[in-house]
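Shown below: work21.cif, with mmCIF, C-alpha atoms and all ligand atoms.
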data_work
#
loop_
_atom_site.label_atom_id
_atom_site.label_comp_id
_atom_site.auth_asym_id
_atom_site.auth_seq_id
_atom_site.Cartn_x
_atom_site.Cartn_y
_atom_site.Cartn_z
CA MET A 1 0.00 0.00 0.00
CA ARG A 2 1.47 3.32 -1.17
CA LEU A 3 -0.22 6.34 0.37
CA ARG A 4 -0.29 9.71 -1.34
CA ASP A 5 -1.99 11.43 1.56
CA PRO A 6 -2.49 10.56 5.28
CA LYS A 7 -6.22 11.06 4.69
CA GLU A 8 -6.35 7.82 2.70
CA PHE A 9 -5.17 5.94 5.76
CA ARG A 10 -7.43 7.79 8.18
CA GLU A 11 -10.36 6.12 6.43
CA LEU A 12 -8.94 2.77 7.56
CA VAL A 13 -8.96 3.71 11.28
CA PRO A 14 -12.57 3.41 12.53
CA ALA A 15 -11.79 5.19 15.84
CA THR A 16 -11.26 8.46 13.95
CA LYS A 17 -14.98 8.54 13.12
CA ARG A 18 -15.95 8.86 16.77
CA TYR A 19 -13.02 10.33 18.62
CA ILE A 20 -10.29 12.90 18.39
CA TYR A 21 -7.82 10.20 19.17
CA LEU A 22 -4.43 11.60 20.26
CA ASN A 23 -3.29 8.72 22.46
CA HIS A 24 -1.02 6.64 20.23
CA ALA A 25 1.71 6.67 22.88
CA ALA A 26 -0.68 4.61 25.04
CA ILE A 27 -2.53 2.26 22.66
CA SER A 28 -3.27 2.77 18.98
CA PRO A 29 -6.56 1.82 17.39
CA THR A 30 -5.85 -1.10 15.04
CA PRO A 31 -6.26 -0.04 11.40
CA LEU A 32 -8.39 -2.29 9.20
CA PRO A 33 -5.60 -3.87 7.07
CA SER A 34 -3.78 -5.05 10.22
CA LEU A 35 -7.01 -6.13 11.90
CA PHE A 36 -7.98 -8.15 8.80
CA GLU A 37 -4.61 -9.90 8.79
CA ALA A 38 -5.15 -11.09 12.37
CA TYR A 39 -8.75 -11.94 11.62
CA ARG A 40 -7.82 -13.88 8.47
CA TYR A 41 -5.51 -16.12 10.49
CA LEU A 42 -8.01 -16.68 13.30
CA TYR A 43 -10.68 -17.47 10.71
CA GLU A 44 -8.41 -19.97 9.00
CA ILE A 45 -7.63 -21.60 12.35
CA SER A 46 -11.36 -21.77 13.03
CA ASN A 47 -11.86 -23.59 9.72
CA GLU A 48 -8.70 -25.67 9.44
CA GLY A 49 -7.02 -25.90 12.85
CA SER A 50 -3.43 -27.15 12.73
CA ILE A 51 -3.42 -27.16 8.90
CA ALA A 52 -3.66 -23.35 8.90
CA ALA A 53 -1.11 -22.98 11.71
CA ASN A 54 1.41 -25.24 9.98
CA ARG A 55 0.95 -23.38 6.70
CA GLU A 56 1.64 -20.04 8.38
CA GLU A 57 4.72 -21.28 10.23
CA ALA A 58 6.20 -23.28 7.34
CA ASP A 59 8.72 -20.52 6.62
CA GLU A 60 9.74 -20.19 10.31
CA LEU A 61 7.77 -16.93 10.39
CA PHE A 62 10.34 -15.49 8.01
CA ARG A 63 7.84 -13.15 6.34
CA ILE A 64 6.94 -11.58 9.69
CA ARG A 65 10.61 -11.21 10.69
CA LYS A 66 11.44 -9.73 7.29
CA ASN A 67 8.74 -7.05 7.47
CA ILE A 68 9.80 -6.07 10.99
CA GLY A 69 13.48 -6.17 9.99
CA ASN A 70 12.80 -3.88 7.00
CA LEU A 71 11.27 -1.30 9.31
CA ILE A 72 14.43 -0.94 11.40
CA ASN A 73 17.08 -2.05 8.85
CA ALA A 74 17.83 -5.35 10.59
CA ASP A 75 18.31 -8.81 9.15
CA PRO A 76 15.28 -11.13 9.64
CA GLU A 77 17.69 -13.43 11.51
CA GLU A 78 18.09 -10.69 14.13
CA ILE A 79 14.36 -10.37 14.88
CA SER A 80 12.66 -12.48 17.56
CA LEU A 81 8.99 -12.24 18.40
CA VAL A 82 8.25 -11.39 22.02
CA PRO A 83 4.93 -10.78 23.81
CA ASN A 84 5.85 -7.34 25.14
CA THR A 85 8.69 -4.88 25.65
CA SER A 86 9.28 -5.99 29.24
CA TYR A 87 9.94 -9.58 28.16
CA GLY A 88 12.44 -8.46 25.52
CA ILE A 89 14.33 -6.29 28.03
CA ASN A 90 14.46 -9.22 30.45
CA ILE A 91 16.04 -11.39 27.75
CA VAL A 92 18.86 -8.85 27.46
CA ALA A 93 19.15 -8.32 31.24
CA HIS A 94 19.49 -12.03 31.94
CA GLY A 95 21.14 -13.10 28.70
CA LEU A 96 24.25 -10.92 28.92
CA ASP A 97 25.76 -12.58 31.99
CA ILE A 98 26.52 -9.23 33.61
CA LYS A 99 28.97 -9.73 36.46
CA GLN A 100 29.38 -8.44 39.98
CA GLY A 101 31.25 -5.11 39.86
CA GLU A 102 29.92 -4.22 36.40
CA ASN A 103 27.29 -1.52 36.05
CA ILE A 104 24.23 -0.68 33.97
CA VAL A 105 23.47 2.93 33.14
CA THR A 106 19.81 3.89 32.91
CA ASP A 107 17.88 6.94 34.08
CA SER A 108 15.02 8.59 35.94
CA LEU A 109 13.01 9.47 32.78
CA GLU A 110 12.50 5.84 31.80
CA PHE A 111 9.27 3.88 31.79
CA PRO A 112 9.61 1.29 34.62
CA ALA A 113 9.81 -1.53 32.03
CA VAL A 114 13.32 -0.31 31.19
CA VAL A 115 14.53 -0.14 34.79
CA TYR A 116 12.88 -2.87 36.87
CA PRO A 117 14.30 -5.89 34.97
CA PHE A 118 17.80 -4.80 36.02
CA LEU A 119 16.93 -4.45 39.70
CA LYS A 120 16.99 -8.22 39.95
CA LEU A 121 20.64 -8.16 38.87
CA SER A 122 21.52 -5.79 41.71
CA LYS A 123 20.97 -8.78 44.03
CA LYS A 124 24.12 -10.37 42.59
CA GLY A 125 26.26 -7.23 42.92
CA VAL A 126 25.61 -5.55 39.58
CA LYS A 127 25.36 -1.78 40.10
CA ILE A 128 22.29 -0.11 38.59
CA ASN A 129 23.16 3.51 37.96
CA LEU A 130 19.80 5.30 37.72
CA VAL A 131 20.99 8.67 36.45
CA LYS A 132 18.81 11.56 37.61
CA THR A 133 18.14 13.59 34.50
CA ASN A 134 15.75 15.79 32.54
CA PRO A 135 14.84 16.29 28.86
CA TYR A 136 17.30 19.17 28.40
CA THR A 137 20.63 17.69 29.56
CA PHE A 138 19.83 14.03 28.94
CA GLU A 139 22.75 13.01 26.71
CA GLU A 140 25.40 14.79 28.81
CA ASP A 141 23.98 13.24 32.00
CA ILE A 142 24.08 9.73 30.54
CA LEU A 143 27.53 10.17 28.98
CA SER A 144 29.11 11.43 32.19
CA ASN A 145 27.98 8.24 33.93
CA ILE A 146 29.39 5.68 31.49
CA ASP A 147 32.72 4.23 32.69
CA LYS A 148 34.99 1.26 32.04
CA ASN A 149 32.77 -1.01 34.15
CA THR A 150 29.61 -0.14 32.22
CA ARG A 151 28.32 -3.26 30.51
CA LEU A 152 25.05 -1.85 29.20
CA VAL A 153 23.34 1.48 28.63
CA ALA A 154 19.54 0.96 28.70
CA ILE A 155 17.44 3.91 27.49
CA SER A 156 14.38 4.79 25.47
CA HIS A 157 14.60 6.36 22.03
CA VAL A 158 11.66 8.64 22.80
CA SER A 159 10.76 9.42 26.39
CA PHE A 160 7.18 8.43 27.30
CA ASN A 161 6.65 11.24 29.81
CA THR A 162 8.52 14.18 28.22
CA GLY A 163 8.51 13.43 24.47
CA LEU A 164 12.30 13.92 24.23
CA ARG A 165 13.83 12.19 21.21
CA VAL A 166 17.26 11.09 22.40
CA ASP A 167 20.42 11.61 20.33
CA VAL A 168 21.18 7.90 20.38
CA LYS A 169 24.17 8.05 18.04
CA LYS A 170 26.00 10.35 20.41
CA ILE A 171 25.42 8.01 23.34
CA ALA A 172 26.23 4.85 21.36
CA ARG A 173 29.54 6.32 20.14
CA GLU A 174 30.77 7.01 23.67
CA ALA A 175 29.41 3.72 25.03
CA LYS A 176 31.41 1.83 22.37
CA GLU A 177 34.60 3.60 23.45
CA PHE A 178 34.12 2.13 26.92
CA GLY A 179 33.18 -1.28 25.50
CA ALA A 180 29.57 -0.97 26.70
CA LEU A 181 26.53 -2.24 24.79
CA VAL A 182 23.39 -0.22 24.09
CA LEU A 183 19.79 -1.38 24.54
CA LEU A 184 17.14 0.92 23.06
CA ASP A 185 13.46 0.73 23.97
CA ILE A 186 11.86 1.85 20.69
CA ILE A 187 8.20 1.40 21.61
CA GLN A 188 7.65 5.19 21.52
CA SER A 189 9.51 5.72 18.23
CA ALA A 190 8.99 2.67 15.99
CA GLY A 191 6.19 3.41 13.54
CA ALA A 192 6.36 7.18 14.10
CA ILE A 193 9.88 8.06 12.97
CA ARG A 194 12.56 6.37 10.88
CA ILE A 195 14.74 3.89 12.77
CA ASP A 196 17.94 2.37 11.44
CA VAL A 197 19.60 0.14 14.01
CA ARG A 198 22.86 0.06 12.04
CA GLU A 199 23.08 3.81 11.68
CA LEU A 200 22.22 4.30 15.35
CA ASP A 201 24.89 1.65 16.11
CA ILE A 202 22.87 -0.03 18.84
CA ASP A 203 23.07 -3.64 19.98
CA PHE A 204 19.54 -4.37 21.11
CA ALA A 205 16.16 -2.81 20.34
CA VAL A 206 12.77 -3.81 21.64
CA ALA A 207 9.16 -2.77 21.14
CA GLY A 208 5.66 -3.96 21.76
CA GLY A 209 3.47 -3.49 18.69
CA TYR A 210 0.47 -1.78 20.21
CA LYS A 211 1.56 1.85 20.19
CA TRP A 212 2.85 3.64 17.07
CA LEU A 213 2.97 0.32 15.18
CA MET A 214 -0.81 0.11 15.47
CA SER A 215 -0.96 -3.62 16.18
CA PRO A 216 -2.63 -5.77 18.82
CA GLN A 217 -1.36 -6.15 22.38
CA GLY A 218 0.66 -9.36 22.50
CA SER A 219 2.65 -8.51 19.38
CA GLY A 220 6.23 -7.32 19.68
CA PHE A 221 9.84 -7.90 18.73
CA LEU A 222 13.38 -7.94 19.99
CA TYR A 223 16.35 -7.04 17.79
CA VAL A 224 19.61 -8.66 18.86
CA LYS A 225 22.64 -7.78 16.78
CA LYS A 226 24.24 -10.81 15.15
CA GLY A 227 26.78 -12.50 17.43
CA LEU A 228 25.27 -11.33 20.73
CA ILE A 229 23.51 -13.52 23.34
CA GLU A 230 24.03 -16.71 21.37
CA ASP A 231 23.03 -18.69 24.45
CA PRO A 232 19.61 -17.35 25.54
CA PRO A 233 18.67 -16.95 29.21
CA PHE A 234 15.68 -19.33 29.02
CA TYR A 235 15.25 -22.60 27.15
CA GLY A 236 11.90 -23.90 25.91
CA TRP A 237 10.70 -26.55 23.47
CA LYS A 238 11.39 -24.22 20.52
CA THR A 239 14.99 -23.47 21.56
CA THR A 240 16.32 -26.63 19.95
CA THR A 241 17.15 -26.99 16.25
CA GLU A 242 14.91 -30.00 15.53
CA TYR A 243 12.03 -28.84 17.67
CA LEU A 244 9.39 -30.62 15.59
CA ARG A 245 10.82 -34.00 16.65
CA PHE A 246 9.48 -33.36 20.15
CA ASP A 247 12.33 -35.40 21.64
CA PRO A 248 13.09 -34.51 25.26
CA THR A 249 16.27 -36.64 25.20
CA ASN A 250 17.88 -34.58 22.49
CA PHE A 251 18.71 -30.87 22.72
CA ASN A 252 20.74 -28.92 20.20
CA LEU A 253 20.80 -25.18 20.83
CA GLU A 254 19.07 -23.20 18.07
CA LYS A 255 21.23 -20.42 16.61
CA GLY A 256 18.52 -18.41 14.82
CA PRO A 257 16.03 -15.91 16.22
CA ARG A 258 13.77 -18.73 17.42
CA ARG A 259 16.27 -19.26 20.26
CA PHE A 260 14.49 -16.50 22.20
CA GLU A 261 10.97 -17.77 21.39
CA ILE A 262 10.65 -20.37 24.08
CA GLY A 263 7.12 -21.50 23.23
CA THR A 264 4.01 -20.75 21.22
CA ILE A 265 3.65 -17.11 20.26
CA ASP A 266 0.62 -15.02 19.35
CA ILE A 267 0.66 -15.55 15.58
CA ALA A 268 -2.50 -13.51 14.87
CA ALA A 269 -1.18 -10.45 16.71
CA ASN A 270 2.22 -10.71 15.05
CA LEU A 271 0.71 -11.12 11.58
CA ALA A 272 -1.07 -7.82 12.20
CA LEU A 273 2.24 -6.31 13.32
CA SER A 274 3.91 -7.60 10.18
CA LYS A 275 1.21 -5.94 8.06
CA SER A 276 1.59 -2.65 9.94
CA CYS A 277 5.37 -2.75 9.47
CA GLU A 278 4.93 -3.35 5.75
CA ILE A 279 2.57 -0.38 5.38
CA ILE A 280 4.73 1.90 7.53
CA SER A 281 8.01 0.94 5.75
CA ASN A 282 6.41 1.63 2.37
CA ASN A 283 5.34 5.10 3.50
CA MET A 284 8.05 6.04 5.99
CA ASP A 285 8.84 9.50 4.62
CA LEU A 286 5.21 10.54 4.51
CA ILE A 287 4.59 9.17 8.02
CA GLU A 288 7.66 10.71 9.64
CA ASN A 289 7.08 14.10 8.00
CA SER A 290 3.47 14.16 9.07
CA VAL A 291 4.21 13.02 12.67
CA LEU A 292 6.91 15.69 13.06
CA SER A 293 4.83 18.41 11.51
CA LEU A 294 1.80 17.63 13.74
CA SER A 295 3.90 17.56 16.92
CA GLN A 296 5.47 20.86 15.90
CA TYR A 297 2.02 22.29 15.37
CA ALA A 298 0.96 21.12 18.86
CA ILE A 299 3.98 22.88 20.40
CA LYS A 300 3.33 26.06 18.41
CA LEU A 301 -0.35 26.15 19.40
CA SER A 302 0.48 25.49 23.07
CA LYS A 303 2.60 28.64 23.07
CA GLU A 304 -0.16 30.61 21.41
CA TYR A 305 -2.57 29.52 24.16
CA ASN A 306 -0.02 30.34 26.90
CA LEU A 307 0.51 26.70 27.78
CA GLU A 308 3.98 25.31 28.45
CA ALA A 309 5.07 22.34 26.34
CA ILE A 310 7.96 20.65 28.15
CA THR A 311 8.94 18.60 25.07
CA PRO A 312 12.09 20.07 23.48
CA GLU A 313 10.92 21.41 20.11
CA ASN A 314 14.07 20.51 18.20
CA LYS A 315 14.26 17.03 19.76
CA ARG A 316 10.76 15.71 19.39
CA ALA A 317 9.02 12.77 17.69
CA GLY A 318 5.25 12.20 18.07
CA ILE A 319 4.76 12.99 21.77
CA VAL A 320 4.11 16.46 23.16
CA VAL A 321 3.69 16.93 26.92
CA ILE A 322 1.93 20.06 28.11
CA LYS A 323 2.63 21.10 31.68
CA LEU A 324 -0.57 21.25 33.72
CA ASN A 325 -1.85 20.95 37.28
CA LYS A 326 -4.80 18.62 37.75
CA ALA A 327 -4.01 16.82 34.49
CA ARG A 328 -6.11 13.80 35.44
CA GLU A 329 -9.27 15.85 35.88
CA VAL A 330 -8.68 17.69 32.61
CA VAL A 331 -8.04 14.42 30.75
CA GLN A 332 -11.33 13.04 32.09
CA GLN A 333 -13.21 16.15 31.00
CA LEU A 334 -11.68 15.89 27.53
CA ALA A 335 -12.71 12.22 27.37
CA ASN A 336 -16.29 13.28 28.14
CA ASP A 337 -16.06 15.24 24.88
CA ASN A 338 -14.55 12.27 22.99
CA ILE A 339 -11.03 13.73 22.99
CA ILE A 340 -8.62 11.01 24.04
CA VAL A 341 -5.23 11.90 25.57
CA SER A 342 -3.34 10.75 28.71
CA PRO A 343 -2.07 12.33 31.91
CA ARG A 344 1.68 11.68 31.99
CA GLY A 345 4.78 13.25 33.50
CA GLU A 346 4.13 16.82 34.53
CA GLY A 347 0.88 17.23 32.63
CA ILE A 348 -1.05 16.05 29.59
CA ARG A 349 0.51 13.92 26.86
CA ILE A 350 -0.74 14.46 23.31
CA SER A 351 0.44 11.78 20.92
CA THR A 352 -0.57 12.37 17.32
CA HIS A 353 -0.08 9.76 14.61
CA PHE A 354 0.36 10.69 10.97
CA TYR A 355 -3.36 10.52 10.11
CA ASN A 356 -4.45 13.03 12.74
CA THR A 357 -5.25 16.54 11.55
CA GLU A 358 -4.28 20.06 12.55
CA ASP A 359 -7.94 20.72 13.18
CA GLU A 360 -8.05 17.95 15.81
CA ILE A 361 -4.99 19.40 17.53
CA GLN A 362 -6.47 22.89 17.44
CA LYS A 363 -9.73 21.71 19.09
CA THR A 364 -7.83 19.75 21.74
CA ILE A 365 -5.42 22.48 22.75
CA GLU A 366 -8.10 25.13 22.75
CA LYS A 367 -10.12 22.97 25.14
CA ILE A 368 -7.12 22.21 27.35
CA ALA A 369 -6.42 25.94 27.64
CA LYS A 370 -10.01 26.62 28.61
CA LEU A 371 -10.16 23.78 31.18
CA ALA A 372 -6.76 24.75 32.57
CA SER A 373 -7.92 28.27 33.24
CA TYR A 374 -10.92 26.93 35.22
CA SER A 375 -8.90 24.39 37.19
CA ASN A 376 -5.99 26.68 38.20
C1 LIG B 401 8.93 3.46 26.97
C2 LIG B 401 7.98 2.34 27.25
N1 LIG B 401 8.44 1.09 27.35
C3 LIG B 401 7.61 0.05 27.57
C4 LIG B 401 6.25 0.24 27.69
C5 LIG B 401 5.32 -0.91 27.90
O1 LIG B 401 5.95 -2.11 28.08
P1 LIG B 401 5.25 -3.48 27.70
O2 LIG B 401 5.24 -3.61 26.22
O3 LIG B 401 6.11 -4.49 28.37
O4 LIG B 401 3.86 -3.48 28.29
C6 LIG B 401 5.73 1.53 27.61
C7 LIG B 401 4.27 1.74 27.77
O5 LIG B 401 3.77 2.81 27.96
C8 LIG B 401 6.62 2.60 27.37
O6 LIG B 401 6.15 3.86 27.26
#

Write the structure described by the file as structure tokens, please.
Amino acid sequence: MRLRDPKEFRELVPATKRYIYLNHAAISPTPLPSLFEAYRYLYEISNEGSIAANREEADELFRIRKNIGNLINADPEEISLVPNTSYGINIVAHGLDIKQGENIVTDSLEFPAVVYPFLKLSKKGVKINLVKTNPYTFEEDILSNIDKNTRLVAISHVSFNTGLRVDVKKIAREAKEFGALVLLDIIQSAGAIRIDVRELDIDFAVAGGYKWLMSPQGSGFLYVKKGLIEDPPFYGWKTTTEYLRFDPTNFNLEKGPRRFEIGTIDIAANLALSKSCEIISNNMDLIENSVLSLSQYAIKLSKEYNLEAITPENKRAGIVVIKLNKAREVVQQLANDNIIVSPRGEGIRISTHFYNTEDEIQKTIEKIAKLASYSN
């Protein structure tokens, strides 16, 4: 599908008919082509059972891995399907064999899914350096905390509660000089802006599919650069090469991406994700340009209405956070008017995907300004 205009896609997102939906950083409404892909599979299973499942998996899910790989410039062999971001981060946390005395650098702006998996490692003497930071000095704060004992830097590409788009290349360059690896949570960037794991020079990337990738909950992927974590932290029946022999007396460690897929995965959800990735990859310029232009518009309008957007304008992606007291009440009042946003960080988070319109942003910010003046 080649789109000439975001409007063509908007028609494929039923939620846009009823809501001003600016909450893609929480959960995206599933667009019809991705929904139909999941539905097609479930329908085939309903009619044919294992015959349909075996047909879909005959290529080792290569088609799904390829579409996801295309989106982030990774080889299909580097893409494993995981049920959520947290699971993928745990694979890295427990797969790297991080030793006592080594440290992990992460920070206070992260979503807990990026931080908590490492806390378990602190029990064996790994130091978790939770750098206290803010959206304006983020890179410098992280860089000044990387040292020769740093094994991993674990950060998000786009911050869920400030909208900051991190200069990952800068951090990765320095991390490499100290011999540290970089794990990037891309759930708030993948699908909204272009991602190239080779250009960013990162080692691991992980994302659930249900935000900017507009896919069902339960879909998701982990990118592991070739040569890393060859021995996965958990073994399951699919971690062996000849897994379809079902022979518990014979185990031969799988080398491909299936080594991280310990058991049955959600095929329907991941087929939808694969479809979304295909559509997004084929229209990446249009999508990125539109996402960036709409978030810029939201920042510009906030200023015009005397609201403070804490998202750095020149380092943004699709999230804009407007500083506000009583954000929860205001978000509820907006929802009563079918305007869907979230309270996050220091205020209200507006997350516009490429098929939103300036008119929707205008209505939302105007209303926020009005409600804010009542509630302050
Ligand atoms: C940066 C970030 N990481 C992870 C998640 C969610 O993690 P999971 O996919 O494990 O539910 C969110 C959800 O808001 C997030 O914003």

Per residue of chain A within 10 Å of ligand LIG 401 (chain B), which atom pair is closest and at what distance in Å (one decimal), using only C-alpha atoms and all ligand atoms, listed by chain and increasing number, as a tab-separated table?
residue	atom	partner	partner_atom	distance
A:His24	CA	B:LIG401	O5	9.9
A:Ala25	CA	B:LIG401	O5	6.7
A:Ala26	CA	B:LIG401	O5	5.6
A:Ile27	CA	B:LIG401	O5	8.3
A:Val82	CA	B:LIG401	O2	9.3
A:Pro83	CA	B:LIG401	O2	7.6
A:Asn84	CA	B:LIG401	O2	3.9
A:Thr85	CA	B:LIG401	O2	3.7
A:Ser86	CA	B:LIG401	O3	3.6
A:Tyr87	CA	B:LIG401	O3	6.4
A:Gly88	CA	B:LIG401	O3	8.0
A:Ile89	CA	B:LIG401	O3	8.4
A:Asn90	CA	B:LIG401	O3	9.8
A:Leu109	CA	B:LIG401	C1	9.3
A:Glu110	CA	B:LIG401	C1	6.5
A:Phe111	CA	B:LIG401	C1	4.9
A:Pro112	CA	B:LIG401	N1	7.4
A:Ala113	CA	B:LIG401	C3	5.2
A:Val114	CA	B:LIG401	N1	6.4
A:Val115	CA	B:LIG401	N1	9.7
A:Ile155	CA	B:LIG401	C1	8.5
A:Ser156	CA	B:LIG401	C1	5.8
A:His157	CA	B:LIG401	C1	8.1
A:Val158	CA	B:LIG401	C1	7.2
A:Ser159	CA	B:LIG401	C1	6.3
A:Phe160	CA	B:LIG401	O6	4.7
A:Asn161	CA	B:LIG401	O6	7.8
A:Leu184	CA	B:LIG401	C1	9.4
A:Asp185	CA	B:LIG401	N1	6.1
A:Ile186	CA	B:LIG401	C1	7.1
A:Ile187	CA	B:LIG401	C2	5.7
A:Gln188	CA	B:LIG401	C1	5.9
A:Ser189	CA	B:LIG401	C1	9.0
A:Val206	CA	B:LIG401	N1	8.7
A:Ala207	CA	B:LIG401	O2	6.5
A:Gly208	CA	B:LIG401	O2	4.5
A:Gly209	CA	B:LIG401	O2	7.7
A:Tyr210	CA	B:LIG401	O2	7.9
A:Lys211	CA	B:LIG401	C7	8.1
A:Gln217	CA	B:LIG401	O2	8.0
A:Gly218	CA	B:LIG401	O2	8.2
A:Ser219	CA	B:LIG401	O2	8.8
A:Gly220	CA	B:LIG401	O2	7.6
A:Phe221	CA	B:LIG401	O2	9.8
A:Arg344	CA	B:LIG401	O5	10.0

For this session: Could you tell me how far atom CA of Leu301 of chain A lies from atom CA of Ser342 of chain A, in Å and to one decimal?
Result: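 Pair atom CA of Leu301 of chain A / atom CA of Ser342 of chain A returns 18.2 Å.
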
Problem set entry | Option closest in space to Glu199 of chain A, from A:Glu230, A:Glu308, A:Asp167, A:Glu44 [counting all atoms listed in the file] | A:Asp167

Exercise. To one decimal place, how far is atom CA of Glu278 of chain A from atom CA of Lys17 of chain A in Å?
Worked result: 24.3 Å

Exercise. By how many Å are atom CA of Ile64 of chain A and atom CA of Cys277 of chain A apart?
Worked result: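 Distance reported for this atom pair: 9.0 Å.
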
Exercise. Of the candidates A:Ser290, A:Thr240, A:Ser274, A:Asn252, which one gets nearest to Leu35 of chain A if we count only C-alpha atoms?
Worked result: A:Ser274

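Proximity of A:Ala309, A:Phe178, A:Ser80, A:Ser302 to Ile365 of chain A, computed with only C-alpha atoms, is greatest for A:Ser302.
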
Exercise. Nearest to Leu292 of chain A: which of A:Leu213, A:Val126, A:Ala317, A:Ile368 is it, counting all atoms listed in the file?
Worked result: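 Going through A:Leu213, A:Val126, A:Ala317, A:Ile368 one by one, the smallest distance to Leu292 of chain A is for A:Ala317.
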